[in-house]
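Q: The structure follows.
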Amino acid sequence: MKIIFILLLIANMVAYVTGTTLHPDQGSMVQAPVVLNPEKIVLLPIDENCLEWVGLDEEQLQYGETVLSEIVPEQSYRLEEAANTTMYWVYIPPLPNKEAANRMINKLRNLGIVSFRVREDSQWKNAVSLGKFHDNDEALRQLKEIERKGITGATIEGRDVTLMKIVIYNPTPTMKEQVQKLVEQFEGTRLIQSQCERL
C-alpha cells in the first residue's frame, strides 16, 4: 500500500511539473488547456482610490500641472473638464511697456498686494492681474481694497471659462500630503477624495 501511495505521489508531482494531467475518462496523459485568443481579453475598469483637484482655471492649470509633475508620475493622473462658469478678473489694463508693468508690480509689492501677474500673450501683454474670482462681490471687494491702498485704473471683467480638474490615481499617503499643500496655494480650488474608474 505504501508503494502504491508513493508511486501515485510521484506521478502527481511529475504531472504538475510537466503541466499535464491524467484525464479520468481516458486514463491517459493530456496537455493542460491553453488560453485561446489572449488578445481578446479585455480588462474591465476597476475602482481605485483617487484624488480630484477641482476648480482650476487655465492659468492655474498650467502652473499647477508643472508643479504636480514633480510630485506625481505623469501616467498616474489625467486632466478632465469639470465645468463652465463665469469668473471675474480684477486687473490693471495693459501698460505701455514692460518697464511700466515692472514699476506697477513693485508698487503693488510695497503695498502688500502679492496676487498679481504680468500677462505675456499679445492682447494682454503688460496687463497686471490682481486675481480671478468666482463671485462678482468678491471681485468688487478686491477692487475696493486695491483702490483704498491708492491703486487706480484697475477694473473688473467677467469671463466665461472652462474649469478643469486633475484626477490622481491611487496616490500614496506622501503624495496626498504633498498635493494637499500644493492645492492650498491655489485660491478657489479644492481637493476631493473619491473612488474612480481608470479606463
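Ligands are numbered from 1 in the order shown, residues from 1 within each chain, and chains are lettered A, B, ... in the order they appear in the C-alpha cells.
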Hey, what's within 10 Å of Lys176 in chain A if we count only C-alpha atoms and toss same-chain stuff fewer than 3 positions away? As a ChimeraX atom specification, please?

A: /A:50-51,71-72,168,170-173,179-182,191,193

Q: Output as a list in words all residues of range 57-129 of chain A that backbone DSSP marks as strand (DSSP E or B).

A: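 Reading the DSSP output for range 57-129 of chain A, strand (DSSP E or B) covers Tyr77, Arg78, Leu79, Glu80, Glu81, Ala82, Ala83, Asn84, Thr85, Thr86, Met87, Tyr88, Trp89, Val90, Tyr91, Ile92, Arg117, Val118, Val128 and Ser129 of chain A.
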
Q: Counting only C-alpha atoms, which of A:Tyr77, A:Trp124, A:Tyr169, A:Phe133 gets nearest to Gly55 in chain A?

A: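 Checking each of A:Tyr77, A:Trp124, A:Tyr169, A:Phe133 against Gly55 in chain A, counting only C-alpha atoms, the winner is A:Phe133.
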
Q: Would you work out the distance separating CA of Lys132 in chain A from CA of Glu147 in chain A, expressed in Å to one decimal?

A: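 Taking CA of Lys132 in chain A as the start and CA of Glu147 in chain A as the end point, the length is 16.7 Å.
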
Q: List every residue of range 68-121 of chain A that DSSP, applied to the backbone, labels as helix (DSSP H, G or I), and write the result as a VMD selection string.

A: chain A and resid 68 74 to 76 98 to 110

Q: If we count only C-alpha atoms and set the cut-off at 12 Å, which residues sit around Lys144 in chain A, ignoring sequence neighbours fewer than 4 positions away in its own chain? Please answer as a ChimeraX atom specification.

A: /A:90,130,137-140,148-156

Q: Would you mind telling me which residue in A:Gln195, A:Lys125, A:Trp53, A:Gly131 lies nearest to Glu81 in chain A when using only C-alpha atoms?

A: A:Trp53

Q: What gap, in Å, lies between CA of Thr174 in chain A and CA of Asn49 in chain A?

A: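 Between CA of Thr174 in chain A and CA of Asn49 in chain A the gap is 14.2 Å.
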
Q: Pick the closest to Gly158 in chain A from A:Leu56, A:Ile3, A:Ile113, A:Met87: which is it, counting only C-alpha atoms?

A: A:Met87

Q: When distances are computed from only C-alpha atoms, which of A:Gln142, A:Gln185, A:Asn136, A:Gln178 shows the smallest separation from Ser69 in chain A?

A: A:Gln178

Q: Could you tell me how far CA of Gln123 in chain A lies from CA of Pro94 in chain A, in Å and to one decimal?

A: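 Result for CA of Gln123 in chain A versus CA of Pro94 in chain A: 8.4 Å, one decimal.
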